[in-house]
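Asker: Data file my_file-v1.txt (compact mmCIF, C-alpha atoms) is appended below.
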# COMPACT_ATOMS: atom_id res chain seq x y z
CA MET V 19 -93.08 -21.63 -53.37
CA LYS V 20 -93.65 -22.13 -57.05
CA ILE V 21 -97.20 -21.88 -58.31
CA ASP V 22 -98.23 -22.86 -61.78
CA ILE V 23 -100.55 -20.09 -62.86
CA SER V 24 -100.74 -20.73 -66.57
CA GLY V 25 -102.25 -24.19 -66.51
CA THR V 26 -102.24 -24.69 -70.24
CA ARG V 27 -99.64 -22.84 -72.26
CA SER V 28 -100.69 -21.29 -75.55
CA GLU V 29 -98.18 -21.51 -78.36
CA ILE V 30 -99.79 -18.69 -80.36
CA VAL V 31 -99.48 -16.25 -77.48
CA SER V 32 -95.86 -17.16 -76.76
CA ILE V 33 -94.76 -16.83 -80.40
CA MET V 34 -96.61 -13.52 -80.90
CA THR V 35 -95.14 -12.14 -77.69
CA GLY V 36 -91.68 -13.10 -78.94
CA VAL V 37 -92.37 -11.22 -82.17
CA LEU V 38 -93.64 -8.16 -80.28
CA TYR V 39 -90.72 -8.05 -77.81
CA PRO V 40 -88.31 -5.84 -79.84
CA PHE V 41 -91.10 -3.50 -80.92
CA ILE V 42 -92.15 -2.94 -77.32
CA ILE V 43 -88.54 -2.19 -76.35
CA VAL V 44 -88.02 0.22 -79.26
CA PHE V 45 -91.33 1.99 -78.58
CA ALA V 46 -90.56 2.38 -74.88
CA VAL V 47 -87.04 3.67 -75.49
CA TYR V 48 -88.35 6.09 -78.14
CA ILE V 49 -90.97 7.48 -75.78
CA ILE V 50 -88.45 7.87 -72.95
CA LEU V 51 -85.74 9.50 -75.04
CA ASN V 52 -88.07 11.89 -76.86
CA GLY V 53 -90.12 12.72 -73.81
CA HIS V 54 -88.90 16.31 -73.66
CA ASN V 55 -90.01 17.10 -77.23
CA THR V 56 -92.94 14.84 -78.05
CA PRO V 57 -95.81 13.43 -76.01
CA GLY V 58 -94.76 10.83 -73.49
CA GLY V 59 -91.92 10.82 -71.07
CA GLY V 60 -90.44 8.82 -68.26
CA PHE V 61 -93.65 7.56 -66.73
CA GLN V 62 -95.32 6.45 -69.96
CA GLY V 63 -92.17 4.87 -71.33
CA GLY V 64 -91.55 3.10 -68.04
CA ALA V 65 -95.09 1.71 -68.04
CA ILE V 66 -94.54 0.37 -71.56
CA LEU V 67 -91.26 -1.20 -70.44
CA ALA V 68 -93.16 -2.83 -67.58
CA THR V 69 -95.61 -4.39 -70.05
CA LEU V 70 -92.58 -6.14 -71.53
CA PHE V 71 -92.01 -7.99 -68.26
CA LEU V 72 -95.74 -8.61 -68.01
CA ALA V 73 -95.81 -10.18 -71.46
CA ARG V 74 -93.02 -12.44 -70.29
CA PHE V 75 -95.02 -13.18 -67.16
CA ILE V 76 -97.98 -14.34 -69.28
CA VAL V 77 -95.86 -16.55 -71.50
CA LEU V 78 -93.56 -17.97 -68.85
CA PRO V 79 -94.86 -17.62 -65.30
CA GLU V 80 -91.59 -18.42 -63.57
CA ASN V 81 -90.35 -16.62 -60.54
CA ASP V 82 -86.75 -16.14 -61.64
CA LEU V 83 -86.68 -12.36 -61.17
CA ASP V 84 -84.97 -11.31 -57.96
CA VAL V 85 -87.63 -9.08 -56.42
CA HIS V 86 -85.47 -7.85 -53.53
CA TRP V 87 -82.68 -6.80 -55.84
CA SER V 88 -84.99 -4.83 -58.14
CA HIS V 89 -86.71 -3.39 -55.08
CA ASN V 90 -83.39 -2.00 -53.83
CA LEU V 91 -82.56 -0.69 -57.29
CA GLU V 92 -85.92 1.05 -57.45
CA LYS V 93 -85.30 2.75 -54.12
CA MET V 94 -81.86 3.90 -55.26
CA LEU V 95 -83.36 5.32 -58.46
CA PHE V 96 -85.93 7.13 -56.35
CA ALA V 97 -83.11 8.73 -54.33
CA VAL V 98 -81.46 9.81 -57.59
CA ILE V 99 -84.76 11.29 -58.77
CA LEU V 100 -84.97 13.35 -55.58
CA LEU V 101 -81.29 14.36 -55.51
CA VAL V 102 -80.63 15.41 -59.09
CA PRO V 103 -83.33 18.11 -59.35
CA GLY V 104 -82.28 19.29 -55.89
CA VAL V 105 -78.78 19.89 -57.13
CA PHE V 106 -79.56 21.06 -60.63
CA VAL V 107 -82.76 23.09 -60.34
CA PHE V 108 -83.11 24.27 -56.75
CA ALA V 109 -79.43 25.00 -56.24
CA GLY V 110 -79.57 27.18 -59.33
CA LEU V 111 -77.04 25.34 -61.47
CA GLN V 112 -79.36 25.52 -64.46
CA TYR V 113 -78.72 29.27 -64.80
CA HIS V 114 -74.96 28.78 -64.92
CA PHE V 115 -75.02 25.81 -67.29
CA ALA V 116 -77.89 26.51 -69.67
CA ALA V 117 -76.51 24.00 -72.17
CA LEU V 118 -77.10 21.18 -69.68
CA ARG V 119 -80.88 21.69 -69.56
CA GLU V 120 -81.72 19.25 -72.35
CA PRO V 121 -79.34 16.51 -71.17
CA TYR V 122 -80.82 17.01 -67.71
CA LEU V 123 -84.35 16.38 -69.00
CA ILE V 124 -83.27 13.31 -70.94
CA PHE V 125 -81.40 11.94 -67.92
CA MET V 126 -84.38 12.50 -65.65
CA ASN V 127 -86.70 10.82 -68.15
CA ILE V 128 -84.43 7.77 -68.32
CA VAL V 129 -84.19 7.48 -64.54
CA ILE V 130 -87.93 7.93 -64.02
CA GLY V 131 -88.64 5.43 -66.78
CA LEU V 132 -86.43 2.79 -65.16
CA LYS V 133 -87.94 3.45 -61.74
CA VAL V 134 -91.51 3.13 -63.00
CA ALA V 135 -90.67 -0.01 -64.98
CA PHE V 136 -89.09 -1.66 -61.93
CA GLY V 137 -91.92 -0.54 -59.67
CA LEU V 138 -94.75 -1.86 -61.84
CA THR V 139 -92.88 -5.10 -62.49
CA ILE V 140 -92.44 -5.62 -58.76
CA VAL V 141 -96.13 -4.96 -58.22
CA VAL V 142 -97.17 -7.60 -60.73
CA PHE V 143 -94.58 -10.20 -59.72
CA ARG V 144 -95.42 -9.84 -56.06
CA PHE V 145 -99.10 -10.10 -56.87
CA GLY V 146 -98.55 -13.10 -59.09
CA PHE V 147 -96.30 -15.16 -56.88
CA TYR V 148 -96.30 -14.04 -53.28
CA GLU V 149 -99.68 -12.77 -52.16
CA GLY V 150 -101.98 -15.19 -50.39
CA ARG V 151 -104.71 -17.10 -52.06
CA MET B 8 -119.61 13.40 -84.63
CA VAL B 9 -116.55 11.34 -83.69
CA GLU B 10 -116.73 12.74 -80.19
CA LEU B 11 -120.42 11.80 -79.89
CA ILE B 12 -119.79 8.22 -81.04
CA LEU B 13 -116.87 7.84 -78.63
CA LEU B 14 -118.81 9.23 -75.69
CA ILE B 15 -121.87 7.06 -76.32
CA SER B 16 -119.72 3.95 -76.75
CA LEU B 17 -117.98 4.86 -73.48
CA VAL B 18 -121.28 4.80 -71.61
CA LEU B 19 -122.36 1.59 -73.35
CA LEU B 20 -119.08 -0.14 -72.53
CA ALA B 21 -119.28 0.95 -68.91
CA LEU B 22 -122.82 -0.45 -68.66
CA LEU B 23 -121.73 -3.69 -70.32
CA ALA B 24 -118.81 -4.02 -67.92
CA ILE B 25 -121.12 -3.58 -64.94
CA ARG B 26 -123.97 -5.75 -66.18
CA SER B 27 -122.05 -8.72 -67.60
CA GLU B 28 -122.51 -11.92 -65.64
CA ILE B 29 -119.10 -13.45 -66.27
CA LEU B 30 -116.26 -11.60 -64.56
CA ARG B 31 -113.75 -12.27 -67.31
CA VAL B 32 -116.01 -10.66 -69.92
CA ALA B 33 -116.43 -7.67 -67.61
CA VAL B 34 -112.65 -7.29 -67.40
CA VAL B 35 -112.33 -7.35 -71.19
CA PHE B 36 -115.09 -4.74 -71.52
CA PHE B 37 -113.26 -2.60 -69.00
CA GLY B 38 -110.10 -2.89 -71.13
CA ILE B 39 -112.00 -1.71 -74.23
CA PHE B 40 -113.51 1.09 -72.12
CA SER B 41 -109.99 2.26 -71.26
CA LEU B 42 -108.96 2.12 -74.91
CA VAL B 43 -111.93 4.25 -76.02
CA CYS B 44 -111.15 6.59 -73.13
CA SER B 45 -107.60 6.97 -74.42
CA PHE B 46 -108.92 7.75 -77.93
CA LEU B 47 -111.07 10.44 -76.35
CA TYR B 48 -108.07 11.91 -74.54
CA LEU B 49 -106.26 12.00 -77.88
CA TYR B 50 -109.28 13.73 -79.43
CA TYR B 51 -109.15 16.35 -76.68
CA GLN B 52 -105.46 16.86 -77.53
CA ALA B 53 -103.92 15.31 -74.45
CA PRO B 54 -101.63 12.70 -76.02
CA ASP B 55 -99.59 12.37 -72.84
CA VAL B 56 -102.58 11.23 -70.84
CA ALA B 57 -103.74 9.08 -73.75
CA ILE B 58 -100.50 7.06 -73.75
CA ALA B 59 -100.63 6.57 -69.99
CA GLU B 60 -104.29 5.51 -70.14
CA ALA B 61 -103.70 3.09 -73.01
CA VAL B 62 -100.74 1.42 -71.31
CA ILE B 63 -102.04 1.29 -67.75
CA GLY B 64 -105.80 1.15 -68.26
CA SER B 65 -106.02 -1.47 -70.97
CA GLY B 66 -102.67 -3.17 -70.46
CA LEU B 67 -101.62 -3.41 -66.85
CA ILE B 68 -105.02 -3.27 -65.15
CA THR B 69 -106.59 -5.87 -67.44
CA LEU B 70 -103.66 -8.17 -66.82
CA LEU B 71 -103.76 -7.70 -63.08
CA TYR B 72 -107.49 -8.46 -62.98
CA LEU B 73 -107.07 -11.54 -65.17
CA THR B 74 -104.25 -12.81 -62.98
CA ALA B 75 -106.38 -12.24 -59.90
CA LEU B 76 -109.30 -14.15 -61.44
CA LYS B 77 -107.02 -17.02 -62.40
CA ARG B 78 -105.58 -17.23 -58.93
CA TYR B 79 -108.97 -17.54 -57.27
CA LYS B 80 -110.42 -19.98 -59.74
CA VAL B 81 -109.51 -23.39 -58.40
CA TYR B 82 -110.90 -24.11 -54.98
CA ASN B 83 -109.38 -27.18 -53.39
CA ILE B 84 -111.60 -29.07 -51.01
CA ALA B 85 -110.53 -32.14 -49.09
CA TYR B 86 -113.08 -34.52 -47.64
CA THR B 87 -111.70 -36.76 -44.96
CA SER B 88 -113.41 -39.26 -42.72
CA ASP B 89 -112.63 -42.00 -40.23
CA ALA B 90 -114.80 -44.34 -42.26
CA PHE B 91 -112.39 -44.22 -45.20
CA THR B 92 -109.72 -46.83 -44.83
CA GLN B 93 -108.94 -46.73 -48.50
CA VAL B 94 -110.58 -44.53 -51.07
CA THR B 95 -112.19 -46.20 -54.05
CA ASP B 96 -114.75 -45.06 -56.59
CA ARG B 97 -117.38 -46.71 -54.45
CA THR B 98 -116.57 -44.47 -51.49
CA ILE B 99 -116.90 -41.43 -53.66
CA VAL B 100 -120.27 -42.48 -55.01
CA GLU B 101 -122.00 -43.67 -51.85
CA GLY B 102 -119.56 -43.59 -48.98
CA THR B 103 -120.46 -40.16 -47.74
CA ARG B 104 -123.65 -39.89 -45.80
CA HIS B 105 -123.83 -36.14 -46.14
CA GLU B 106 -123.56 -36.08 -49.88
CA HIS B 107 -126.09 -33.27 -50.24
CA PHE B 108 -123.87 -31.20 -47.98
CA VAL B 109 -120.97 -31.57 -50.41
CA ARG B 110 -123.30 -30.80 -53.33
CA GLU B 111 -124.31 -27.60 -51.58
CA ILE B 112 -120.69 -26.50 -51.26
CA GLU B 113 -120.03 -27.33 -54.91
CA GLU B 114 -123.03 -25.27 -55.96
CA PHE B 115 -121.84 -22.45 -53.72
CA CYS B 116 -118.45 -22.52 -55.47
CA PHE B 117 -120.08 -22.65 -58.90
CA ASN B 118 -122.13 -19.52 -58.15
CA ARG B 119 -118.92 -17.64 -57.41
CA GLU B 120 -117.14 -18.84 -60.55
CA LEU B 121 -114.83 -21.03 -58.53
CA GLU B 122 -113.87 -24.45 -59.76
CA PRO B 123 -114.28 -26.80 -56.83
CA GLN B 124 -111.82 -29.65 -56.76
CA LEU B 125 -112.99 -32.26 -54.35
CA VAL B 126 -110.48 -34.73 -52.99
CA PHE B 127 -111.51 -37.74 -50.91
CA THR B 128 -108.79 -38.85 -48.60
CA PRO B 129 -108.29 -40.86 -45.42
CA ASP B 130 -105.40 -38.63 -44.27
CA PRO B 131 -105.67 -36.81 -40.92
CA VAL B 132 -106.43 -33.08 -40.92
CA ASP B 133 -103.03 -31.96 -39.63
CA GLU B 134 -101.23 -33.48 -42.59
CA LEU B 135 -103.69 -31.88 -45.00
CA VAL B 136 -103.20 -28.48 -43.37
CA GLU B 137 -99.45 -28.89 -43.61
CA THR B 138 -99.53 -29.46 -47.38
CA GLY B 139 -100.97 -25.96 -47.68
CA GLN B 140 -102.82 -26.67 -50.91
CA PHE B 141 -106.37 -26.95 -49.57
CA ASP B 142 -108.70 -24.03 -49.06
CA LEU B 143 -111.32 -26.04 -47.27
CA ILE B 144 -111.10 -29.30 -45.36
CA ILE B 145 -114.23 -31.17 -44.34
CA ARG B 146 -113.82 -33.80 -41.66
CA GLN B 147 -116.51 -36.28 -40.82
CA GLU B 148 -116.48 -38.25 -37.60
CA GLY B 149 -119.67 -40.26 -37.48
CA GLU B 150 -122.49 -37.73 -37.23
CA ARG B 151 -120.17 -34.88 -36.56
CA ILE B 152 -118.84 -32.63 -39.30
CA THR B 153 -116.00 -30.17 -38.83
CA VAL B 154 -115.19 -27.62 -41.54
CA TYR B 155 -111.68 -26.22 -41.53
CA GLY B 156 -111.30 -23.06 -43.63
CA ASN B 157 -108.12 -21.34 -44.72
CA ARG B 158 -107.76 -18.05 -42.89
CA GLU B 159 -106.39 -16.28 -45.95
CA ASN B 160 -109.40 -17.19 -48.05
CA PHE B 161 -112.21 -14.66 -48.08
CA VAL B 162 -114.80 -17.11 -49.41
CA VAL B 163 -114.80 -18.98 -46.11
CA ASP B 164 -116.71 -16.16 -44.42
CA GLU B 165 -119.54 -16.37 -46.94
CA LEU B 166 -119.58 -20.14 -46.65
CA GLU B 167 -119.84 -19.84 -42.90
CA MET B 168 -122.95 -17.69 -43.23
CA LEU B 169 -124.52 -20.19 -45.62
CA LEU B 170 -123.79 -23.14 -43.36
CA ILE B 171 -125.15 -21.42 -40.30
CA LEU B 172 -128.36 -20.50 -42.13
CA ARG B 173 -128.96 -23.83 -43.85
CA TYR B 174 -127.70 -26.48 -41.46
CA GLU B 175 -128.82 -25.46 -38.03
CA ASP B 176 -129.90 -28.99 -37.21
CA LEU B 177 -126.66 -30.70 -38.20
CA ASN B 178 -123.67 -30.88 -35.92
CA ILE B 179 -121.24 -28.63 -37.79
CA LYS B 180 -118.21 -26.87 -36.46
CA ILE B 181 -116.13 -24.35 -38.40
CA GLU B 182 -112.49 -23.77 -37.66
CA ARG B 183 -109.84 -21.65 -39.30
CA PHE B 184 -106.26 -22.50 -39.98
CA GLY B 185 -103.53 -20.38 -41.44
CA GLU B 186 -100.77 -17.98 -40.51
CA GLU B 187 -102.12 -16.68 -37.23
CA GLN B 188 -101.90 -18.95 -34.23
CA GLU B 189 -105.11 -18.11 -32.44
CA GLN B 190 -107.98 -20.31 -33.53
CA GLU B 191 -111.41 -18.94 -34.11
CA GLU B 192 -114.00 -21.50 -33.25
CA ILE B 193 -117.64 -21.29 -34.09
CA VAL B 194 -119.73 -24.10 -32.75
CA VAL B 195 -123.09 -24.54 -34.36
Can you turn what I pasted into structure tokens?

Answerer:
Amino acid sequence: MKIDISGTRSEIVSIMTGVLYPFIIVFAVYIILNGHNTPGGGFQGGAILATLFLARFIVLPENDLDVHWSHNLEKMLFAVILLVPGVFVFAGLQYHFAALREPYLIFMNIVIGLKVAFGLTIVVFRFGFYEGR
Amino acid sequence: MVELILLISLVLLALLAIRSEILRVAVVFFGIFSLVCSFLYLYYQAPDVAIAEAVIGSGLITLLYLTALKRYKVYNIAYTSDAFTQVTDRTIVEGTRHEHFVREIEEFCFNRELEPQLVFTPDPVDELVETGQFDLIIRQEGERITVYGNRENFVVDELEMLLILRYEDLNIKIERFGEEQEQEEIVV
């Protein structure tokens, strides 16, 4: 069922959101990739990535995102988040391959960022389109 | 000094958010509250927490609340009666005998920042239920009034209380429709 939430569509908001789009993406990617050195990390970057989808939700409230697909992807990413530290940290591989520690942190930040972004987007899309009145 | 200003403004913003009459204004105050909170986290040298607070507190939460308010704003009411063969402006002005009853419901909606949208129609109730776009259906059969409320809508419970308190003398019946099959019936 398609519900028109916006009512009236504001041109100012849509144009400004279009201008802000690339900046949001760059900021989120910066925070995710530099999470191991500077403040921020996977969770914060992922939340900023989610605001990208939310901005799109404000401008264009159309239910063209496949929620089930992103739900499955989120679960898979969660499995990766559980498995990778299990192999790398708890199995003791980090002592044998000390050079892999930084790539490991960056990889984990990216995976956590994607998971959080998908999760928050699903929350808002489900709330916006599916939940009862 | 900066810390003092931030802390005092935090308390002021919290009070404003609680005391403001209009819900939308309260949500905006809450967003500013989160922003000041994130400045304070930054001042206490916790930039990690500050980023999370700024994004979630003033971005996501504000948006979720605004979406929620928007979703509950329009309240669709259908008024149907056997007396209506065709609906004209005249029916709307003087056709309903229990006009004060409808006024009461409109006032009730207005107090809760809902926008009541009243539709006069000769259609039977079953068809109206099937369209799924009405939160409240009022059916009038002579002296008898039946109010059908959407089961998913929480406002119906409050309305039920009001009707029971105000209109003991009238012949009003409240029924629910919605997902669940079992029908709750309250006969007044």

Asker: Taking only C-alpha atoms into account, name the residue in B:Glu28, B:Asp55, B:Asp142, B:Asp133 that is nearest to chain V.

Answerer: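 Of B:Glu28, B:Asp55, B:Asp142, B:Asp133, the one nearest chain V is B:Asp55, counting only C-alpha atoms.
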
Asker: Using all atoms listed in the file, which of V:Thr69, V:Thr139, V:Asn90, V:Asn127 sits nearest chain B?

Answerer: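 So, comparing all the options, the nearest one is V:Thr69.
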
Asker: Please determine the contact residues of chain V with respect to chain B at a cut-off of 6 Å, counting all atoms listed in the file, and supply them as a PDB file with C-alpha atoms, in the coordinates of the input.

Answerer:
ATOM      1  CA  PRO V  57     -95.810  13.430 -76.010  1.00  0.00           C
ATOM      2  CA  GLY V  58     -94.760  10.830 -73.490  1.00  0.00           C
ATOM      3  CA  GLN V  62     -95.320   6.450 -69.960  1.00  0.00           C
TER       4      GLN V  62
END

Asker: Hey, can you check how far atom CA of B:Arg26 sits from atom CA of B:Phe40?

Answerer: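 Going from atom CA of B:Arg26 over to atom CA of B:Phe40, I get 13.8 Å.
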
Asker: Rounded to one decimal in Å, what is the spacing between atom CA of B:Thr87 and atom CA of B:Arg146?

Answerer: 4.9 Å

Asker: Each side padded by 8 Å, which centre and which edge lengths in Å (one decimal) define the axis-aligned box around the listed atoms of stretch 34-48 of chain B? Give them as JSON.

Answerer:
{"center_x": -111.3, "center_y": 2.3, "center_z": -72.7, "size_x": 23.5, "size_y": 35.3, "size_z": 26.5}

Asker: How far is it from atom CA of V:Val142 to atom CA of V:Gly36, in Å with one decimal?

Answerer: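 Atom CA of V:Gly36 lies at a distance of 19.8 Å from atom CA of V:Val142.
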
Asker: Contacts of B:Ser16 at 12 Å or less, counting only C-alpha atoms, minus same-chain residues fewer than 2 places along, as a PDB file with C-alpha atoms, in the frame of the given file?

Answerer:
ATOM      1  CA  VAL B   9    -116.550  11.340 -83.690  1.00  0.00           C
ATOM      2  CA  GLU B  10    -116.730  12.740 -80.190  1.00  0.00           C
ATOM      3  CA  LEU B  11    -120.420  11.800 -79.890  1.00  0.00           C
ATOM      4  CA  ILE B  12    -119.790   8.220 -81.040  1.00  0.00           C
ATOM      5  CA  LEU B  13    -116.870   7.840 -78.630  1.00  0.00           C
ATOM      6  CA  LEU B  14    -118.810   9.230 -75.690  1.00  0.00           C
ATOM      7  CA  VAL B  18    -121.280   4.800 -71.610  1.00  0.00           C
ATOM      8  CA  LEU B  19    -122.360   1.590 -73.350  1.00  0.00           C
ATOM      9  CA  LEU B  20    -119.080  -0.140 -72.530  1.00  0.00           C
ATOM     10  CA  ALA B  21    -119.280   0.950 -68.910  1.00  0.00           C
ATOM     11  CA  LEU B  22    -122.820  -0.450 -68.660  1.00  0.00           C
ATOM     12  CA  LEU B  23    -121.730  -3.690 -70.320  1.00  0.00           C
ATOM     13  CA  ALA B  24    -118.810  -4.020 -67.920  1.00  0.00           C
ATOM     14  CA  PHE B  36    -115.090  -4.740 -71.520  1.00  0.00           C
ATOM     15  CA  ILE B  39    -112.000  -1.710 -74.230  1.00  0.00           C
ATOM     16  CA  PHE B  40    -113.510   1.090 -72.120  1.00  0.00           C
ATOM     17  CA  SER B  41    -109.990   2.260 -71.260  1.00  0.00           C
ATOM     18  CA  LEU B  42    -108.960   2.120 -74.910  1.00  0.00           C
ATOM     19  CA  VAL B  43    -111.930   4.250 -76.020  1.00  0.00           C
ATOM     20  CA  CYS B  44    -111.150   6.590 -73.130  1.00  0.00           C
ATOM     21  CA  PHE B  46    -108.920   7.750 -77.930  1.00  0.00           C
ATOM     22  CA  LEU B  47    -111.070  10.440 -76.350  1.00  0.00           C
TER      23      LEU B  47
END

Asker: Which residues are close to V:Leu51, i.e. within 8 Å by all atoms listed in the file, leaving aside same-chain residues fewer than 6 positions away? Reply as a list in words.

Answerer: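 So, after excluding close chain neighbours, the residues are Gly59, Ile124, Asn127 and Ile128 of chain V.
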
Asker: Can you write out the residues you just picked, keeping C-alpha atoms, as a short mmCIF file (atom, residue, chain, number, x, y, z; two decimals), in the frame of the given file?

Answerer:
data_model
loop_
_atom_site.label_atom_id
_atom_site.label_comp_id
_atom_site.auth_asym_id
_atom_site.auth_seq_id
_atom_site.Cartn_x
_atom_site.Cartn_y
_atom_site.Cartn_z
CA GLY V 59 -91.92 10.82 -71.07
CA ILE V 124 -83.27 13.31 -70.94
CA ASN V 127 -86.70 10.82 -68.15
CA ILE V 128 -84.43 7.77 -68.32
#

Asker: For V:Gly131, which residue among V:Leu70, V:Leu111, V:Met94, V:Ala65 is the nearest when counting all atoms listed in the file?

Answerer: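 Residue with the minimum atom-to-atom distance to V:Gly131: V:Ala65.
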
Asker: Which is closer to V:Leu138 than all the others in V:Val37, V:Leu67, V:Ile49, V:Val31, using all atoms listed in the file?

Answerer: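 Using all atoms listed in the file, V:Leu138 sits closest to V:Leu67.
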
Asker: So that I can check the surroundings of B:Leu30, please list as a list in words every protein, DNA and RNA residue that reaches within 10 Å of it, counting all atoms listed in the file and ignoring chain neighbours fewer than 2 positions away.

Answerer: Ala24, Ile25, Arg26, Ser27, Glu28, Val32, Ala33, Val34, Val35, Phe36, Tyr72, Leu73, Leu76, Arg119 and Glu120 of chain B

Asker: When you count all atoms listed in the file, which of these residues is closest to V:Ala73: V:Leu38, V:Phe147, V:Phe45, V:Val105?

Answerer: V:Leu38

Asker: Residues at most 12 Å from V:Val107, counting only C-alpha atoms, excluding those fewer than 6 positions away in the same chain, as a list of chain:residue names?

Answerer: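 After dropping sequence-adjacent residues, the list is V:Leu100, V:Leu101, V:Tyr113, V:His114, V:Phe115, V:Ala116, V:Leu118, V:Arg119, V:Tyr122, V:Leu123, V:Met126.
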
Asker: Here is a test: counting only C-alpha atoms, which residue of V:Phe125, V:Phe96, V:Phe75, V:Phe106 is nearest to V:Arg144?

Answerer: V:Phe75

Asker: Set the distance at 9 Å and use all atoms listed in the file: which residues neighbour V:Val129 once local chain neighbours fewer than 5 positions away are removed? I'd like the list as a ChimeraX atom specification.

Answerer: /V:60,95-96,98-99,124,134
